[in-house]
Each structure stands twice: as C-alpha cells, then as structure tokens.
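Asks: Enclosed is the structure file input-v8.cif (mmCIF, C-alpha atoms and all ligand atoms).
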data_model
#
loop_
_atom_site.label_atom_id
_atom_site.label_comp_id
_atom_site.auth_asym_id
_atom_site.auth_seq_id
_atom_site.Cartn_x
_atom_site.Cartn_y
_atom_site.Cartn_z
CA MET A 1 -43.34 4.81 16.32
CA GLN A 2 -42.74 6.68 13.15
CA TRP A 3 -40.07 9.26 12.50
CA THR A 4 -42.46 12.16 13.04
CA ARG A 5 -42.50 15.09 15.42
CA LYS A 6 -45.48 13.71 17.27
CA ASP A 7 -44.13 10.20 17.80
CA LEU A 8 -40.60 11.31 18.61
CA SER A 9 -41.74 13.76 21.27
CA LEU A 10 -43.50 10.86 22.94
CA TYR A 11 -40.35 8.77 22.52
CA ILE A 12 -38.23 11.37 24.32
CA LYS A 13 -40.59 11.19 27.29
CA GLU A 14 -40.97 7.41 27.36
CA LYS A 15 -37.45 6.35 26.39
CA GLU A 16 -37.22 3.67 29.05
CA TYR A 17 -39.94 1.68 27.25
CA ILE A 18 -38.73 2.00 23.67
CA ASP A 19 -35.58 0.06 22.93
CA THR A 20 -35.94 -1.20 19.37
CA LEU A 21 -35.22 0.44 16.03
CA ILE A 22 -35.78 -0.74 12.47
CA ILE A 23 -33.75 0.83 9.64
CA PRO A 24 -35.14 -0.02 6.19
CA LEU A 25 -32.25 -0.60 3.74
CA ILE A 26 -33.39 0.21 0.23
CA PRO A 27 -31.28 -0.21 -2.95
CA PHE A 28 -32.12 1.58 -6.17
CA ASN A 29 -30.47 2.17 -9.51
CA PRO A 30 -32.11 5.03 -11.40
CA ALA A 31 -29.90 4.34 -14.44
CA SER A 32 -31.28 0.86 -15.08
CA ASP A 33 -34.57 0.57 -16.96
CA SER A 34 -34.65 -3.16 -16.40
CA ASN A 35 -34.54 -2.84 -12.62
CA VAL A 36 -36.31 0.35 -11.64
CA THR A 37 -39.79 -1.13 -11.35
CA LYS A 38 -38.55 -4.18 -9.49
CA GLU A 39 -36.64 -2.03 -7.06
CA ALA A 40 -39.52 0.37 -6.61
CA PHE A 41 -41.73 -2.61 -5.85
CA GLN A 42 -39.27 -3.81 -3.23
CA ARG A 43 -39.26 -0.36 -1.69
CA GLU A 44 -43.06 -0.41 -1.46
CA LEU A 45 -42.93 -3.86 0.03
CA ASN A 46 -40.33 -2.74 2.55
CA GLN A 47 -42.52 0.20 3.54
CA LEU A 48 -45.51 -2.10 3.90
CA PHE A 49 -43.61 -4.50 6.17
CA THR A 50 -42.21 -1.80 8.42
CA HIS A 51 -45.62 -0.11 8.53
CA LEU A 52 -47.29 -3.32 9.71
CA LEU A 53 -44.60 -4.00 12.30
CA GLU A 54 -44.81 -0.43 13.52
CA LYS A 55 -48.56 -0.61 13.82
CA GLU A 56 -48.49 -3.75 15.93
CA TYR A 57 -45.56 -2.78 18.21
CA ARG A 58 -45.52 1.00 18.11
CA GLY A 59 -45.05 1.23 21.87
CA ARG A 60 -41.63 -0.37 21.66
CA ILE A 61 -40.35 -0.03 18.08
CA ILE A 62 -39.28 3.06 16.14
CA VAL A 63 -38.94 2.99 12.37
CA SER A 64 -35.98 5.11 11.27
CA PRO A 65 -35.86 7.23 8.10
CA GLU A 66 -35.08 4.87 5.24
CA TYR A 67 -31.49 4.24 4.23
CA ASP A 68 -31.22 4.44 0.43
CA TYR A 69 -28.17 3.49 -1.59
CA ILE A 70 -27.20 2.69 -5.17
CA THR A 71 -27.69 -0.99 -5.96
CA GLY A 72 -24.50 -2.98 -5.59
CA SER A 73 -22.65 -0.45 -3.45
CA ASN A 74 -23.08 -2.54 -0.32
CA GLU A 75 -19.42 -2.78 0.59
CA THR A 76 -18.83 0.95 0.50
CA GLU A 77 -22.03 1.62 2.46
CA VAL A 78 -21.11 -0.52 5.46
CA HIS A 79 -19.20 2.28 7.17
CA ARG A 80 -21.97 4.84 6.83
CA ILE A 81 -24.64 2.42 8.00
CA ASN A 82 -22.55 1.64 11.04
CA GLN A 83 -22.39 5.34 11.81
CA TRP A 84 -26.19 5.47 11.79
CA VAL A 85 -26.37 2.42 14.02
CA GLU A 86 -23.91 3.85 16.54
CA ARG A 87 -25.83 7.10 16.81
CA PHE A 88 -29.08 5.25 17.42
CA GLN A 89 -27.45 2.92 19.93
CA SER A 90 -26.21 5.91 21.91
CA GLN A 91 -29.83 6.96 22.58
CA PRO A 92 -29.84 4.14 23.83
CA LEU A 93 -31.79 1.96 21.43
CA SER A 94 -30.32 -1.40 22.24
CA HIS A 95 -31.89 -3.49 19.45
CA VAL A 96 -31.14 -2.11 16.00
CA PHE A 97 -32.48 -4.14 13.07
CA LEU A 98 -31.58 -3.57 9.43
CA PHE A 99 -34.57 -4.64 7.38
CA THR A 100 -33.99 -5.40 3.69
CA PHE A 101 -34.87 -7.50 0.66
CA ASP A 102 -31.37 -7.02 -0.79
CA PRO A 103 -29.58 -10.40 -0.57
CA LYS A 104 -26.16 -8.80 -1.09
CA TRP A 105 -26.09 -7.77 2.55
CA LYS A 106 -25.70 -11.39 3.57
CA LYS A 107 -22.07 -11.20 2.54
CA TRP A 108 -21.42 -8.20 4.80
CA GLU A 109 -23.53 -9.32 7.71
CA GLN A 110 -20.54 -9.72 10.03
CA ALA A 111 -19.32 -6.19 9.37
CA LEU A 112 -22.69 -4.58 10.13
CA LYS A 113 -23.23 -3.29 13.65
CA GLY A 114 -26.99 -3.77 13.50
CA GLN A 115 -28.85 -7.07 13.31
CA LEU A 116 -29.54 -7.89 9.66
CA LEU A 117 -33.13 -8.94 8.93
CA TRP A 118 -33.00 -10.15 5.36
CA VAL A 119 -36.21 -11.47 3.86
CA PRO A 120 -36.40 -12.95 0.34
CA SER A 121 -38.41 -10.69 -1.89
CA MET A 122 -41.38 -11.72 -4.01
CA ASN A 123 -42.09 -11.08 -7.65
CA GLU A 124 -43.72 -7.84 -8.66
CA ARG A 125 -47.44 -8.04 -8.12
CA ASP A 126 -50.43 -6.16 -6.82
CA LEU A 127 -49.85 -5.37 -3.16
CA HIS A 128 -53.58 -5.03 -2.56
CA SER A 129 -54.73 -8.45 -3.67
CA SER A 130 -56.04 -10.55 -0.82
CA GLU A 131 -53.58 -13.32 -1.65
CA THR A 132 -50.61 -10.96 -1.29
CA LYS A 133 -52.08 -9.54 1.89
CA SER A 134 -52.30 -12.87 3.63
CA PHE A 135 -48.80 -13.79 2.48
CA VAL A 136 -47.39 -10.50 3.78
CA LYS A 137 -49.25 -10.87 7.08
CA GLU A 138 -47.81 -14.31 7.58
CA GLN A 139 -44.27 -13.10 6.89
CA VAL A 140 -44.68 -10.08 9.15
CA SER A 141 -45.82 -12.26 12.01
CA GLN A 142 -42.71 -14.43 11.57
CA ILE A 143 -40.45 -11.40 11.58
CA SER A 144 -42.13 -10.09 14.71
CA GLU A 145 -41.52 -13.44 16.42
CA LEU A 146 -37.86 -13.02 15.55
CA ILE A 147 -37.74 -9.48 16.92
CA LYS A 148 -39.53 -10.55 20.10
CA ALA A 149 -36.90 -13.23 20.61
CA TYR A 150 -34.43 -10.39 21.28
CA TRP A 151 -36.64 -8.74 23.92
CA MET X 1 -13.03 38.61 9.33
CA SER X 2 -14.42 40.94 6.65
CA ASP X 3 -14.95 37.87 4.49
CA LYS X 4 -17.09 36.30 7.17
CA GLN X 5 -19.16 39.45 7.49
CA ARG X 6 -19.86 39.56 3.80
CA VAL X 7 -21.05 35.95 3.88
CA SER X 8 -23.32 36.60 6.76
CA ARG X 9 -24.76 39.69 5.10
CA ARG X 10 -25.49 37.64 2.04
CA GLN X 11 -27.10 34.95 4.15
CA PHE X 12 -29.14 37.56 5.93
CA LEU X 13 -30.45 38.86 2.64
CA ASN X 14 -31.21 35.38 1.50
CA TYR X 15 -33.22 34.60 4.58
CA THR X 16 -35.11 37.86 4.29
CA LEU X 17 -35.96 37.26 0.68
CA THR X 18 -37.09 33.73 1.30
CA GLY X 19 -39.18 35.02 4.13
CA VAL X 20 -40.94 37.61 2.00
CA GLY X 21 -41.46 35.15 -0.82
CA GLY X 22 -42.83 32.66 1.64
CA PHE X 23 -45.35 35.12 2.99
CA MET X 24 -46.49 36.05 -0.48
CA ALA X 25 -46.92 32.46 -1.46
CA ALA X 26 -48.84 31.72 1.71
CA GLY X 27 -51.11 34.70 1.08
CA MET X 28 -51.92 33.49 -2.40
CA LEU X 29 -52.38 29.89 -1.42
CA ALA X 30 -54.46 30.22 1.69
CA PRO X 31 -57.85 30.88 0.09
CA MET X 32 -57.40 28.13 -2.47
CA VAL X 33 -56.26 25.60 0.09
CA ARG X 34 -59.17 26.29 2.36
CA PHE X 35 -61.50 25.83 -0.56
CA ALA X 36 -59.89 22.56 -1.55
CA ILE X 37 -59.86 20.98 1.89
CA ASP X 38 -63.12 22.25 3.27
CA PRO X 39 -65.40 19.38 2.21
CA VAL X 40 -63.39 16.72 4.03
CA LEU X 41 -63.40 18.74 7.24
CA LYS X 42 -67.10 18.10 7.66
CA PRO X 43 -67.72 15.57 10.41
CA SER X 44 -68.83 12.96 7.91
CA ALA X 45 -67.01 9.84 9.03
CA ALA X 46 -67.60 10.40 12.72
CA GLY X 47 -70.33 8.20 14.10
CA ASP X 48 -70.46 5.97 11.04
CA PHE X 49 -71.05 2.31 11.74
CA GLN X 50 -69.40 -0.46 9.75
CA SER X 51 -70.58 -4.01 9.45
CA VAL X 52 -67.91 -6.23 10.97
CA ALA X 53 -69.21 -9.71 11.57
CA SER X 54 -72.27 -11.90 11.54
CA VAL X 55 -73.75 -12.22 15.02
CA ASP X 56 -73.61 -16.05 14.98
CA GLU X 57 -69.83 -15.92 14.67
CA ILE X 58 -69.54 -14.27 18.06
CA THR X 59 -68.74 -16.64 20.91
CA ASN X 60 -67.88 -16.33 24.59
CA GLU X 61 -64.23 -16.43 23.60
CA PRO X 62 -62.85 -13.09 22.32
CA GLN X 63 -62.08 -13.20 18.60
CA ARG X 64 -60.25 -10.73 16.45
CA PHE X 65 -62.30 -9.06 13.69
CA GLU X 66 -60.93 -6.68 11.11
CA TRP X 67 -62.53 -4.11 8.84
CA ILE X 68 -61.52 -1.13 6.75
CA VAL X 69 -62.48 2.51 7.30
CA GLU X 70 -61.75 5.65 5.32
CA GLN X 71 -59.75 8.00 7.48
CA VAL X 72 -58.97 11.65 6.92
CA ASP X 73 -55.86 12.48 8.86
CA GLY X 74 -54.96 16.12 8.30
CA TRP X 75 -53.55 16.09 4.78
CA TYR X 76 -54.13 12.54 3.77
CA GLU X 77 -57.14 10.42 3.12
CA SER X 78 -56.38 6.77 3.53
CA GLU X 79 -57.86 3.38 4.15
CA VAL X 80 -57.10 2.20 7.62
CA GLN X 81 -57.52 -1.28 8.92
CA LYS X 82 -59.33 -1.42 12.23
CA THR X 83 -59.39 -4.34 14.61
CA ALA X 84 -61.56 -5.28 17.57
CA TRP X 85 -61.70 -8.11 20.09
CA VAL X 86 -65.33 -9.20 20.16
CA TYR X 87 -67.15 -11.64 22.45
CA ARG X 88 -70.46 -12.34 24.14
CA THR X 89 -70.72 -12.14 27.93
CA GLU X 90 -72.54 -14.66 30.13
CA ASP X 91 -75.54 -12.30 30.06
CA ASP X 92 -75.54 -12.38 26.27
CA GLU X 93 -74.18 -8.84 25.92
CA ILE X 94 -71.82 -8.20 23.01
CA VAL X 95 -68.53 -6.56 23.98
CA ALA X 96 -66.18 -5.05 21.36
CA LEU X 97 -62.82 -3.88 22.69
CA SER X 98 -60.14 -1.86 20.99
CA PRO X 99 -56.90 -3.88 20.83
CA ILE X 100 -54.72 -0.79 21.26
CA CYS X 101 -52.84 -0.90 24.55
CA THR X 102 -53.51 2.24 26.60
CA HIS X 103 -49.87 2.35 27.68
CA LEU X 104 -47.96 3.17 24.47
CA GLY X 105 -50.18 1.76 21.76
CA CYS X 106 -49.04 -1.78 20.93
CA THR X 107 -51.66 -4.33 19.88
CA VAL X 108 -52.84 -6.66 22.62
CA ASP X 109 -53.56 -10.37 22.21
CA TRP X 110 -56.12 -12.54 23.94
CA ALA X 111 -54.76 -15.41 26.04
CA SER X 112 -51.37 -15.43 24.36
CA GLN X 113 -49.58 -16.00 27.66
CA GLU X 114 -49.86 -19.41 29.28
CA GLU X 115 -49.83 -17.93 32.80
CA TYR X 116 -52.80 -15.68 32.01
CA PRO X 117 -55.19 -17.75 29.91
CA ASP X 118 -58.14 -15.41 30.53
CA GLN X 119 -56.52 -12.03 30.05
CA PHE X 120 -55.46 -9.71 27.25
CA TYR X 121 -51.70 -9.45 27.05
CA CYS X 122 -49.52 -6.73 25.56
CA PRO X 123 -46.27 -8.10 24.12
CA CYS X 124 -44.42 -4.79 24.41
CA HIS X 125 -44.13 -4.35 28.18
CA ALA X 126 -46.26 -7.18 29.55
CA GLY X 127 -49.33 -5.01 30.13
CA ARG X 128 -52.44 -7.03 31.04
CA TYR X 129 -56.20 -6.55 31.01
CA THR X 130 -59.00 -8.72 32.34
CA LYS X 131 -61.62 -10.04 29.90
CA ASP X 132 -63.78 -6.92 30.34
CA GLY X 133 -60.81 -4.84 29.17
CA VAL X 134 -59.91 -3.38 32.57
CA ASN X 135 -56.18 -2.93 33.09
CA VAL X 136 -54.54 -5.12 35.72
CA PRO X 137 -52.94 -2.92 38.43
CA GLY X 138 -49.19 -3.24 38.65
CA THR X 139 -48.77 -3.57 34.86
CA PRO X 140 -47.85 -0.51 32.75
CA PRO X 141 -51.31 0.45 31.34
CA THR X 142 -53.20 2.96 33.47
CA ALA X 143 -56.58 2.87 31.72
CA PRO X 144 -58.95 0.18 30.41
CA LEU X 145 -59.11 -0.73 26.72
CA PRO X 146 -61.60 1.53 24.88
CA LEU X 147 -64.99 0.06 23.95
CA PHE X 148 -66.44 0.34 20.47
CA ASP X 149 -69.97 1.69 20.06
CA HIS X 150 -71.94 -1.17 18.57
CA LYS X 151 -75.34 -2.13 17.25
CA VAL X 152 -76.90 -5.24 15.78
CA GLU X 153 -79.06 -5.09 12.68
CA GLU X 154 -80.41 -8.04 10.69
CA GLY X 155 -77.99 -10.45 12.27
CA MET X 156 -74.93 -8.33 11.60
CA LEU X 157 -72.72 -6.60 14.15
CA TYR X 158 -71.90 -2.97 13.34
CA LEU X 159 -69.08 -1.13 15.10
CA GLY X 160 -68.64 2.63 15.37
CA GLN X 161 -66.27 4.88 17.29
CA GLU X 162 -64.11 3.68 20.15
CA GLN X 163 -64.81 5.33 23.49
CA ASP X 164 -62.15 5.83 26.13
CA ARG X 165 -63.09 4.75 29.62
S1 LIG A 201 -47.58 -0.67 25.15
FE1 LIG A 201 -48.70 -2.21 26.11
S2 LIG A 201 -47.68 -2.48 27.96
FE2 LIG A 201 -46.56 -0.88 27.03
#
Would you write the structure of this file as structure tokens?

Replies:
Amino acid sequence: MQWTRKDLSLYIKEKEYIDTLIIPLIPFNPASDSNVTKEAFQRELNQLFTHLLEKEYRGRIIVSPEYDYITGSNETEVHRINQWVERFQSQPLSHVFLFTFDPKWKKWEQALKGQLLWVPSMNERDLHSSETKSFVKEQVSQISELIKAYW
Amino acid sequence: MSDKQRVSRRQFLNYTLTGVGGFMAAGMLAPMVRFAIDPVLKPSAAGDFQSVASVDEITNEPQRFEWIVEQVDGWYESEVQKTAWVYRTEDDEIVALSPICTHLGCTVDWASQEEYPDQFYCPCHAGRYTKDGVNVPGTPPTAPLPLFDHKVEEGMLYLGQEQDR
C-alpha cells in the first residue's frame, strides 16, 4: 500500500492482514555538484524498487513516506529514525524494513530499531533500458524473498 | 491571556484571508483546468485491446505474460505494466486471468506451493484459487480472479479489460 488516503483507509480496516512496512532511506547533499546527480539517481532507483515491491505485495506491505537526510549525517539520524520505527511498530506493524543504497548505514545497523535492507547501488544509467529493467527485477525478487523469510 | 487572544485573532484573520484567496484562485482556475483535462476524460482507453502473445506460445500450463498500457489516473498519465496468467483449457479455450488477488491485491503465482501444484497461490495471506481462477473456500479471498476480455487475430492473442466475476 502507498501512503495515500485511499490505501491508508483500507489499511485501517484491514490492519490484521498488513504487518510490514518499508521506509526508504534517502541521502542527499544539495551543496555538492559532484554528487547531486548520483544521489538523485539513487533516489529514483529507491522509488522504483519500493514501487515494484509495493505492487507485488500491496496486500501486506505499506511503503512509508521517504526518510531524507543530508549525506553523511547517519550517526545523528539514528535517533530520529528510531522514533519513526517505534511509532510504526505501535500500530502494530511488526516488520519494519529500512530500504537504502547508502552503505554508511552498515556501521549503524545494530543501533537501528528497524531491519536494515541495504542493497549496493548501480552506476547512473537509463532506468528504462530493458537491460536495467531485467537487472532491477531480479534484485527486487531477491529482496522480496528476504522479506518473505520474515513472514 | 490577552496575548493569547491577540494571537488567535491574527490567526483567524489569516485563515479568513487564505480562504478568500483560495476561492478566488479556484474561480479563476476552474475553467482553464476543465479545458486542459477534458480530452483525456473521453473514454478512449476503455475497451482497447493490446497484443500480448503469439497464440503458439500458449500451453495448458498457465504462463505469465506482461504488456504495457497507457493509463490515465485522475491527474497523471502513466505507463502501467499489466500482467496476466494465460493458458489453454482441455477444450482448447484460451483463459486469461488477472493475477491480482481479490483479497487485498497482492500478485498471485501459479503452482508456487509444493502442496498445491495445480492452484494459484497468494504469498501474502496464503489465498488460493483453482486453475479456473475460482477462490478456494476457507482461504482469505472471497471472489474469483477477474478474467480478461480476449480475442485472437492473425495468430496473436489480444487482451482487453479485466472483468470481475
Ligand atoms: S492479498 Fe491475497 S490472500 Fe490476502
């Protein structure tokens, strides 16, 4: 389900069936010309992944509003992310996944209250090429296997 | 106390002004917006058939076929990927089922569960459907999988709208 009025009103009614949440973690540094396009690409890629997961499992997974932060501020963000996670868990949403391409989270994995799903990013390229599509599909199906292992 | 009142009076004014401004803006925009959106509101896409597969690819075993349609969803026009489970019955009829679970909308798989090798299975809450798309009683779905309208022309299978059953 998406974070929309329509989907969430269904969620409220069918809570017992929906127990999984994905929070996209998205770094960006608007002051860095050398990184903005790369980071924007990673944001698009993140949206694509969560969109595909949502489409396939929308009866059990909600995608949260994205969590944006300034690149490199991971340590100081841990506390605020955990606040998000706790609020979602109180719904209850028992499986909270933090989905990101930012490798810096690996270092803080233990401190995070949600389950980190870190996937290595790919180089900037056209997201619509058929080669990219099949690569993304393959990765998405692996991530969904991982999520299903928690169900 | 008086301080509080002053703040609330100011807020009140603010709200009122925003309200009036909002109305004015809406009044000015409405005719233009209607003009801009009108063409896409025509029932153009409805009933359109898309070529999905060559008829010789279709076997007795359901296979997943994908195609792209243009979709107008309120404000946005977008390309949406559609999927169908397609097979041929014993009587040589082509069946094209929507893969969207009628419970809460997950995507169902054919024969993905060892215990149910000839059923559609929904990974979200273990919903099941027999090969003809009818929901198995006692599992969460309460309606069969929708069927796509279909036609065959020059050896190609064309799929249209899905129909609830
Ligand atoms: S969405 Fe398929 S069984 Fe619930």

Asks: Could you please extract the residues within 6 Å of ligand LIG 201 (chain A), counting all atoms listed in the file, and hand them back as a list in words?

Replies: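 Based on all atoms listed in the file, ligand LIG 201 (chain A) is surrounded within 6 Å by Gly59 of chain A; Cys101, His103, Leu104, Gly105, Cys106, Cys122, Cys124, His125, Ala126, Gly127, Pro140 and Pro141 of chain X.
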
Asks: Write a file of the selected residues as a short mmCIF file (atom, residue, chain, number, x, y, z; two decimals), in the coordinates of the input, keeping C-alpha atoms.

Replies:
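Everything below was put into result06.cif:
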data_model
loop_
_atom_site.label_atom_id
_atom_site.label_comp_id
_atom_site.auth_asym_id
_atom_site.auth_seq_id
_atom_site.Cartn_x
_atom_site.Cartn_y
_atom_site.Cartn_z
CA GLY A 59 -45.05 1.23 21.87
CA CYS X 101 -52.84 -0.90 24.55
CA HIS X 103 -49.87 2.35 27.68
CA LEU X 104 -47.96 3.17 24.47
CA GLY X 105 -50.18 1.76 21.76
CA CYS X 106 -49.04 -1.78 20.93
CA CYS X 122 -49.52 -6.73 25.56
CA CYS X 124 -44.42 -4.79 24.41
CA HIS X 125 -44.13 -4.35 28.18
CA ALA X 126 -46.26 -7.18 29.55
CA GLY X 127 -49.33 -5.01 30.13
CA PRO X 140 -47.85 -0.51 32.75
CA PRO X 141 -51.31 0.45 31.34
#

Asks: Which chain A residues are at most 9 Å from chain X (counting all atoms listed in the file), as a ChimeraX atom specification?

Replies: /A:14,17-18,54-61,148,151

Asks: Can you tell me how far atom CA of X:Tyr116 sits from atom CA of X:Lys131, in Å to one decimal?

Replies: 10.7 Å

Asks: Applying 8 Å and all atoms listed in the file, which residues near A:Lys104 remain after dropping the ones on its own chain fewer than 4 positions away? List them as a ChimeraX atom specification.

Replies: /A:72,74,108

Asks: Any idea what's packed within 12 Å of A:Leu116, counting all atoms listed in the file, ignoring anything in its chain fewer than 2 positions away? Could you give it as a PyMOL selection string?

Replies: chain A and resi 21-25+78+81-82+85+95-114+118-119+143+146-147

Asks: Using only C-alpha atoms, can you tell me which of A:Arg5, A:Leu53, A:Glu44, A:Asn29 comes closest to A:Gln142?

Replies: A:Leu53

Asks: Between atom CA of X:Asp118 and atom CA of A:Glu138, measure the distance and give it in Å to one decimal.

Replies: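 One can read the atom CA of X:Asp118 to atom CA of A:Glu138 distance as 25.2 Å.
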
Asks: Using all atoms listed in the file, which residues sit within 10 Å of X:Glu154 once same-chain residues fewer than 2 positions away are excluded, as a PDB file with C-alpha atoms, in the frame of the given file?

Replies:
ATOM      1  CA  SER X  54     -72.270 -11.900  11.540  1.00  0.00           C
ATOM      2  CA  VAL X  55     -73.750 -12.220  15.020  1.00  0.00           C
ATOM      3  CA  VAL X 152     -76.900  -5.240  15.780  1.00  0.00           C
ATOM      4  CA  MET X 156     -74.930  -8.330  11.600  1.00  0.00           C
ATOM      5  CA  LEU X 157     -72.720  -6.600  14.150  1.00  0.00           C
TER       6      LEU X 157
END

Asks: So which one's closest to A:Ser144, A:Tyr69, A:Phe88, A:Leu52, A:Leu127? Using only C-alpha atoms, please.

Replies: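 Smallest distance to A:Ser144 is found for A:Leu52.
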
Asks: For the atom pair atom CA of A:Glu77 and atom CA of A:Pro65, what is the interatomic distance in Å to one decimal place?

Replies: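 Going from atom CA of A:Glu77 over to atom CA of A:Pro65 covers 16.0 Å.
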
Asks: May I have the centre and edge lengths, in Å to one decimal, of an axis-aligned box around the listed atoms of stretch 134-143 of chain X with 5 Å added to every side, as lines of an AutoDock Vina configuration file?

Replies:
center_x = -53.9
center_y = -1.1
center_z = 35.0
size_x = 22.1
size_y = 18.1
size_z = 17.3

Asks: Determine, counting all atoms listed in the file, which protein, DNA and RNA residues have an atom within 12 Å of an atom of X:Gly155; residues of the same chain fewer than 6 positions away are not included. Present the result as a ChimeraX atom specification.

Replies: /X:51-58

Asks: Have a look at A:Lys15, A:His51, A:Lys137, A:Arg125 and name the one nearest to A:Lys38; count all atoms listed in the file.

Replies: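 Among the listed residues, A:Arg125 lies closest to A:Lys38.
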
Asks: Could you check which of A:Val140, A:Ile12, A:Ala149, A:Ile70 is closest to A:Gln47, using only C-alpha atoms?

Replies: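 Ranked by minimum distance to A:Gln47, first place goes to A:Val140.
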